Amino acid sequence: MAKIYFIDVTNRDGVQTARLGLSKLEKTMINIYLNRMGIFQSEFGFPTTAHESLYLQANLELADMGVLRPIRLEGWVRASAADIERAFDLVPSIRHLNLSISTSDQMIDGKFQGRKSKADVLRMMTEAVDTAWEHGAKSIGVNAEDASRTDMAYLVEFALAAKEHGAHRIRYCDTLGYDSPFSIYESVKSLAENTKMPIEIHCHGDLGMAVANSIAGAKAAIDGGQDVYINTTINGIGERAGNADLVATVLAVTKSKGFAERYQLGKPIDLTKAWRLAKFASYAFGVPIPMNQPGVGANAFAHASGIHADGVLKDPENYELYDFAELGRGEPELVETGREICSGEYSGVSGFRHLMGRMAMSFKDTEDARPILELVRYANVEAQQPLVKDELLFIARYPQIARKLLTLTPPDGTAIS
Ligand SMILES: [Zn+2]
């Protein structure tokens, strides 16, 4: 029986969202949390973007060190041979890639404006795949942008061409959130049966159906005999109305009526890490978690009305589908209401030692603390808000990696393109 895997794309789709972004340290923390949760793969960034290359290299080093393992770190690149060359120039050790190109008539005509035909798209994609293999790629997924508005015969042709050139997976992108669970089921089942290729499901929430479409797509791929890789983002943050929310999709796959009896995870996911991950992403993005968010919203386990409160007190299963502890909730959280010492870009050594001491991290003396403090100051320049405990501990534990993450040196004038 084929299985379900998760690929989180917060560090790609999430950070390219209008008005939102993450520092390189925050992106790294997201990868660490995703790894602890058991997520199969993180789409960790854009290898052709110069300001991202040290972050990507540092995270690949963390993978080599065993810190970011077993999660797979994969970069998103346009399906063009020139972009693949640039990706390997900037990040030579990258091994996992997803190559993206538009496949619908709307986008081929509307974006390329007559400069490219469907045959050109196939040629560009296969050249890109070949180029990635030549540079030492170990896994390649090919993304059909706007797959939900793509003619099925062409989509199958596109996937089979990718497969012939050795690509492992085809990403079915419902780029505009146009599908319903009914339409995506039909399309993905047909794609699975006609290509015999593992499928990634990438859904957006423009019609409020991203999670529903994701599990319908997963069912379709498995019914069609293929493994499925659901794309999600943390708290559903992504382009426009967002992507399928990671926690809600895991809950839907594992808790919805009858689903898990037949459609199972290929790799266990530790949902108890969900609460911390969602809270961190909310803080880092500066976007509150909606109170009615599944699993991690403030009201997800709150009861006020008489009948509900009475019922849940007698037996939680009367009004709760799953327990808060399964999401890692239930620990009291300390909120300081009096004096507080925070990290900042102008922090001094005394305040810093006090702060770290509260996390049971002590320094021999002031000189011992200073290099870490310097890195913390730089991290604050990027974050522009106090660092959280896990970030401070990360910097203290991996100062060389942190230094790399915090190094942003724009190329000189002539090299800027
Ligand atoms: Zn997307």
# chains A, B, ... in the order shown; residues from 1 in each chain; ligands from 1

call {"tool": "residues_near_ligand", "arguments": {"ligand": "ligand 1", "cutoff": "12 Å", "atoms": "only C-alpha atoms and all ligand atoms", "output": "PyMOL selection string"}}
result
chain A and resi 8-17+43+76+100+143-147+171-177+200-206+210+230-233+236-244

call {"tool": "write_last_selection", "arguments": {"atoms": "C-alpha atoms", "output": "PDB file, in the first residue's frame"}}
result
ATOM      1  CA  ASP A   8       6.682  21.557   4.472  1.00  0.00           C
ATOM      2  CA  VAL A   9       7.168  24.611   2.255  1.00  0.00           C
ATOM      3  CA  THR A  10       6.996  27.381   4.877  1.00  0.00           C
ATOM      4  CA  ASN A  11      10.587  28.388   4.158  1.00  0.00           C
ATOM      5  CA  ARG A  12       9.714  28.867   0.467  1.00  0.00           C
ATOM      6  CA  ASP A  13       6.001  29.536  -0.106  1.00  0.00           C
ATOM      7  CA  GLY A  14       5.556  31.026   3.380  1.00  0.00           C
ATOM      8  CA  VAL A  15       8.406  33.504   3.172  1.00  0.00           C
ATOM      9  CA  GLN A  16       7.602  34.648  -0.371  1.00  0.00           C
ATOM     10  CA  THR A  17       4.202  35.831   0.868  1.00  0.00           C
ATOM     11  CA  GLU A  43      11.632  23.107   1.098  1.00  0.00           C
ATOM     12  CA  TRP A  76      13.123  25.355  -5.042  1.00  0.00           C
ATOM     13  CA  SER A 100       9.179  24.475 -11.243  1.00  0.00           C
ATOM     14  CA  ASN A 143       6.563  21.065 -10.199  1.00  0.00           C
ATOM     15  CA  ALA A 144       3.711  21.621 -12.643  1.00  0.00           C
ATOM     16  CA  GLU A 145       2.671  25.156 -11.746  1.00  0.00           C
ATOM     17  CA  ASP A 146      -1.067  25.687 -12.280  1.00  0.00           C
ATOM     18  CA  ALA A 147      -1.571  21.927 -12.758  1.00  0.00           C
ATOM     19  CA  ARG A 171       4.156  18.125  -7.946  1.00  0.00           C
ATOM     20  CA  TYR A 172       0.510  18.780  -8.736  1.00  0.00           C
ATOM     21  CA  CYS A 173       0.157  22.489  -7.916  1.00  0.00           C
ATOM     22  CA  ASP A 174      -3.298  23.876  -7.403  1.00  0.00           C
ATOM     23  CA  THR A 175      -1.594  27.243  -7.589  1.00  0.00           C
ATOM     24  CA  LEU A 176      -4.768  29.340  -7.468  1.00  0.00           C
ATOM     25  CA  GLY A 177      -6.734  27.175  -5.037  1.00  0.00           C
ATOM     26  CA  GLU A 200       3.170  15.823  -4.519  1.00  0.00           C
ATOM     27  CA  ILE A 201      -0.031  17.667  -3.670  1.00  0.00           C
ATOM     28  CA  HIS A 202       0.325  21.450  -3.368  1.00  0.00           C
ATOM     29  CA  CYS A 203      -2.896  23.252  -2.450  1.00  0.00           C
ATOM     30  CA  HIS A 204      -3.860  26.851  -1.739  1.00  0.00           C
ATOM     31  CA  GLY A 205      -6.790  28.243   0.217  1.00  0.00           C
ATOM     32  CA  ASP A 206      -8.393  30.754  -2.136  1.00  0.00           C
ATOM     33  CA  ALA A 210      -6.637  23.675   0.953  1.00  0.00           C
ATOM     34  CA  ILE A 230       1.494  16.591   0.826  1.00  0.00           C
ATOM     35  CA  ASN A 231       2.880  20.145   0.787  1.00  0.00           C
ATOM     36  CA  THR A 232       1.989  22.258   3.823  1.00  0.00           C
ATOM     37  CA  THR A 233       2.999  25.440   5.606  1.00  0.00           C
ATOM     38  CA  GLY A 236      -1.165  27.911   6.643  1.00  0.00           C
ATOM     39  CA  ILE A 237       0.977  30.976   5.908  1.00  0.00           C
ATOM     40  CA  GLY A 238       1.534  31.273   2.163  1.00  0.00           C
ATOM     41  CA  GLU A 239       0.724  33.215  -0.987  1.00  0.00           C
ATOM     42  CA  ARG A 240      -2.605  35.151  -0.773  1.00  0.00           C
ATOM     43  CA  ALA A 241      -5.095  33.054   1.250  1.00  0.00           C
ATOM     44  CA  GLY A 242      -2.304  30.656   2.177  1.00  0.00           C
ATOM     45  CA  ASN A 243      -1.480  26.951   1.865  1.00  0.00           C
ATOM     46  CA  ALA A 244      -2.709  23.791   3.547  1.00  0.00           C
TER      47      ALA A 244
END

call {"tool": "residues_around", "arguments": {"residues": "range 215-218 of chain A", "least_positions_apart": "6", "cutoff": "8 Å", "atoms": "only C-alpha atoms", "output": "list in words"}}
result
Ile4, Pro181, Phe182, Ile184, Tyr185, Val188, Lys189, Ile201, Val228, Tyr229, Ile230, Thr249, Ala252 and Val253 of chain A

call {"tool": "write_last_selection", "arguments": {"atoms": "C-alpha atoms", "output": "PDB file, in the first residue's frame"}}
result
ATOM      1  CA  ILE A   4       1.564   9.608   2.820  1.00  0.00           C
ATOM      2  CA  PRO A 181     -11.962  17.769  -3.247  1.00  0.00           C
ATOM      3  CA  PHE A 182     -14.017  16.241  -6.082  1.00  0.00           C
ATOM      4  CA  ILE A 184      -8.600  17.151  -7.419  1.00  0.00           C
ATOM      5  CA  TYR A 185      -9.486  13.535  -6.735  1.00  0.00           C
ATOM      6  CA  VAL A 188      -4.682  13.225  -9.283  1.00  0.00           C
ATOM      7  CA  LYS A 189      -6.041   9.697  -9.662  1.00  0.00           C
ATOM      8  CA  ILE A 201      -0.031  17.667  -3.670  1.00  0.00           C
ATOM      9  CA  VAL A 228       1.926  10.931  -1.992  1.00  0.00           C
ATOM     10  CA  TYR A 229       3.796  13.911  -0.565  1.00  0.00           C
ATOM     11  CA  ILE A 230       1.494  16.591   0.826  1.00  0.00           C
ATOM     12  CA  THR A 249      -3.568  18.490   7.522  1.00  0.00           C
ATOM     13  CA  ALA A 252      -7.162  15.485   8.970  1.00  0.00           C
ATOM     14  CA  VAL A 253      -5.040  12.580   7.742  1.00  0.00           C
TER      15      VAL A 253
END

call {"tool": "residues_around", "arguments": {"residues": "Asp83 in chain A", "least_positions_apart": "3", "cutoff": "10 Å", "atoms": "only C-alpha atoms", "output": "list of chain:residue names"}}
result
A:Pro47, A:Thr48, A:Thr49, A:Val77, A:Arg78, A:Ala79, A:Ser80, A:Arg86, A:Ala87, A:Phe88, A:Asp89, A:Leu99, A:Ala128, A:Thr131, A:Ala132

call {"tool": "select_by_dssp", "arguments": {"residues": "range 215-399 of chain A", "states": "strand (DSSP E or B)", "output": "list in words"}}
result
Val228, Tyr229, Ile230, Asn231, Thr232, Thr233, Asn243, Asp245 and Leu265 of chain A

call {"tool": "write_last_selection", "arguments": {"atoms": "C-alpha atoms", "output": "PDB file, in the first residue's frame"}}
result
ATOM      1  CA  VAL A 228       1.926  10.931  -1.992  1.00  0.00           C
ATOM      2  CA  TYR A 229       3.796  13.911  -0.565  1.00  0.00           C
ATOM      3  CA  ILE A 230       1.494  16.591   0.826  1.00  0.00           C
ATOM      4  CA  ASN A 231       2.880  20.145   0.787  1.00  0.00           C
ATOM      5  CA  THR A 232       1.989  22.258   3.823  1.00  0.00           C
ATOM      6  CA  THR A 233       2.999  25.440   5.606  1.00  0.00           C
ATOM      7  CA  ASN A 243      -1.480  26.951   1.865  1.00  0.00           C
ATOM      8  CA  ASP A 245      -1.888  24.196   7.254  1.00  0.00           C
ATOM      9  CA  LEU A 265       1.685   7.900   7.066  1.00  0.00           C
TER      10      LEU A 265
END

call {"tool": "closest_residue", "arguments": {"among": "A:Ala383, A:Leu321, A:Ala82, A:Val296", "to": "Thr272 in chain A", "atoms": "only C-alpha atoms"}}
result
A:Val296

call {"tool": "residues_around", "arguments": {"residues": "Ser139 in chain A", "least_positions_apart": "5", "cutoff": "9 Å", "atoms": "only C-alpha atoms", "output": "ChimeraX atom specification"}}
result
/A:74,95-98,133,167-169

call {"tool": "atom_distance", "arguments": {"atom1": "CA of Leu327 in chain A", "atom2": "CA of Leu251 in chain A"}}
result
9.7 Å

call {"tool": "select_by_dssp", "arguments": {"residues": "range 10-172 of chain A", "states": "helix (DSSP H, G or I)", "output": "number ranges by chain"}}
result
A: 10-14, 24-37, 50-64, 81-90, 105-112, 118-134, 147-149, 152-164

call {"tool": "residues_around", "arguments": {"residues": "Lys27 in chain A", "least_positions_apart": "4", "cutoff": "9 Å", "atoms": "only C-alpha atoms", "output": "number ranges by chain"}}
result
A: 10-11, 15, 22-23, 31-32, 44-45, 55

call {"tool": "closest_residue", "arguments": {"among": "A:Ser214, A:Lys219, A:Ala309, A:Leu155", "to": "Thr195 in chain A", "atoms": "only C-alpha atoms"}}
result
A:Leu155

call {"tool": "decode", "arguments": {"residues": "range 183-224 of chain A", "atoms": "N, CA and C atoms", "output": "tab-separated table (two decimals), in the first residue's frame"}}
result
chain	number	residue	atom	x	y	z
A	183	SER	N	-12.81	17.57	-7.73
A	183	SER	CA	-12.03	17.72	-8.97
A	183	SER	C	-10.59	17.26	-8.77
A	184	ILE	N	-10.01	17.54	-7.61
A	184	ILE	CA	-8.60	17.15	-7.42
A	184	ILE	C	-8.50	15.63	-7.36
A	185	TYR	N	-9.52	15.00	-6.79
A	185	TYR	CA	-9.49	13.53	-6.74
A	185	TYR	C	-9.41	12.95	-8.15
A	186	GLU	N	-10.28	13.44	-9.03
A	186	GLU	CA	-10.30	12.95	-10.42
A	186	GLU	C	-8.95	13.16	-11.10
A	187	SER	N	-8.43	14.39	-10.97
A	187	SER	CA	-7.19	14.75	-11.68
A	187	SER	C	-6.00	13.94	-11.16
A	188	VAL	N	-5.86	13.87	-9.85
A	188	VAL	CA	-4.68	13.23	-9.28
A	188	VAL	C	-4.75	11.71	-9.50
A	189	LYS	N	-5.93	11.14	-9.43
A	189	LYS	CA	-6.04	9.70	-9.66
A	189	LYS	C	-5.62	9.38	-11.10
A	190	SER	N	-6.09	10.20	-12.02
A	190	SER	CA	-5.74	9.99	-13.42
A	190	SER	C	-4.23	10.17	-13.62
A	191	LEU	N	-3.68	11.19	-12.98
A	191	LEU	CA	-2.23	11.44	-13.10
A	191	LEU	C	-1.42	10.26	-12.54
A	192	ALA	N	-1.85	9.74	-11.40
A	192	ALA	CA	-1.15	8.61	-10.78
A	192	ALA	C	-1.22	7.37	-11.67
A	193	GLU	N	-2.41	7.10	-12.18
A	193	GLU	CA	-2.59	5.88	-12.99
A	193	GLU	C	-1.84	5.96	-14.32
A	194	ASN	N	-1.82	7.15	-14.90
A	194	ASN	CA	-1.21	7.29	-16.22
A	194	ASN	C	0.30	7.52	-16.20
A	195	THR	N	0.83	7.87	-15.04
A	195	THR	CA	2.28	8.12	-14.99
A	195	THR	C	3.01	7.11	-14.11
A	196	LYS	N	2.28	6.48	-13.18
A	196	LYS	CA	2.89	5.55	-12.22
A	196	LYS	C	4.08	6.23	-11.53
A	197	MET	N	3.81	7.43	-11.07
A	197	MET	CA	4.87	8.25	-10.48
A	197	MET	C	4.36	8.79	-9.14
A	198	PRO	N	5.20	8.80	-8.09
A	198	PRO	CA	4.78	9.42	-6.83
A	198	PRO	C	4.38	10.89	-7.07
A	199	ILE	N	3.37	11.34	-6.31
A	199	ILE	CA	2.81	12.67	-6.58
A	199	ILE	C	2.88	13.56	-5.34
A	200	GLU	N	3.26	14.80	-5.57
A	200	GLU	CA	3.17	15.82	-4.52
A	200	GLU	C	1.88	16.60	-4.73
A	201	ILE	N	1.21	16.90	-3.62
A	201	ILE	CA	-0.03	17.67	-3.67
A	201	ILE	C	0.25	19.04	-3.06
A	202	HIS	N	0.02	20.09	-3.83
A	202	HIS	CA	0.32	21.45	-3.37
A	202	HIS	C	-0.93	22.31	-3.51
A	203	CYS	N	-1.59	22.59	-2.40
A	203	CYS	CA	-2.90	23.25	-2.45
A	203	CYS	C	-2.90	24.61	-1.76
A	204	HIS	N	-3.68	25.51	-2.32
A	204	HIS	CA	-3.86	26.85	-1.74
A	204	HIS	C	-5.31	27.08	-1.32
A	205	GLY	N	-5.50	28.07	-0.45
A	205	GLY	CA	-6.79	28.24	0.22
A	205	GLY	C	-7.71	29.31	-0.34
A	206	ASP	N	-7.58	29.65	-1.61
A	206	ASP	CA	-8.39	30.75	-2.14
A	206	ASP	C	-9.90	30.50	-2.03
A	207	LEU	N	-10.29	29.23	-2.02
A	207	LEU	CA	-11.71	28.91	-1.84
A	207	LEU	C	-11.92	28.19	-0.50
A	208	GLY	N	-10.93	28.28	0.37
A	208	GLY	CA	-11.09	27.72	1.72
A	208	GLY	C	-11.02	26.20	1.77
A	209	MET	N	-10.40	25.58	0.76
A	209	MET	CA	-10.42	24.11	0.72
A	209	MET	C	-9.04	23.47	0.70
A	210	ALA	N	-8.00	24.19	1.10
A	210	ALA	CA	-6.64	23.68	0.95
A	210	ALA	C	-6.43	22.34	1.69
A	211	VAL	N	-6.91	22.24	2.92
A	211	VAL	CA	-6.70	21.00	3.68
A	211	VAL	C	-7.56	19.88	3.09
A	212	ALA	N	-8.82	20.18	2.80
A	212	ALA	CA	-9.73	19.17	2.23
A	212	ALA	C	-9.18	18.67	0.90
A	213	ASN	N	-8.70	19.61	0.07
A	213	ASN	CA	-8.14	19.20	-1.23
A	213	ASN	C	-6.89	18.34	-1.04
A	214	SER	N	-6.11	18.66	-0.03
A	214	SER	CA	-4.87	17.90	0.20
A	214	SER	C	-5.17	16.45	0.53
A	215	ILE	N	-6.18	16.22	1.38
A	215	ILE	CA	-6.42	14.81	1.73
A	215	ILE	C	-7.17	14.08	0.61
A	216	ALA	N	-7.98	14.84	-0.17
A	216	ALA	CA	-8.62	14.22	-1.33
A	216	ALA	C	-7.56	13.85	-2.36
A	217	GLY	N	-6.57	14.73	-2.54
A	217	GLY	CA	-5.48	14.45	-3.48
A	217	GLY	C	-4.64	13.27	-3.00
A	218	ALA	N	-4.42	13.20	-1.69
A	218	ALA	CA	-3.64	12.09	-1.13
A	218	ALA	C	-4.37	10.76	-1.35
A	219	LYS	N	-5.66	10.78	-1.11
A	219	LYS	CA	-6.46	9.57	-1.33
A	219	LYS	C	-6.39	9.15	-2.81
A	220	ALA	N	-6.47	10.13	-3.69
A	220	ALA	CA	-6.45	9.84	-5.13
A	220	ALA	C	-5.13	9.20	-5.54
A	221	ALA	N	-4.02	9.76	-5.06
A	221	ALA	CA	-2.70	9.23	-5.44
A	221	ALA	C	-2.58	7.78	-4.95
A	222	ILE	N	-3.00	7.55	-3.71
A	222	ILE	CA	-2.87	6.20	-3.15
A	222	ILE	C	-3.83	5.22	-3.84
A	223	ASP	N	-5.05	5.67	-4.11
A	223	ASP	CA	-5.98	4.83	-4.87
A	223	ASP	C	-5.41	4.52	-6.25
A	224	GLY	N	-4.59	5.45	-6.76
A	224	GLY	CA	-3.95	5.24	-8.06
A	224	GLY	C	-2.64	4.46	-7.93
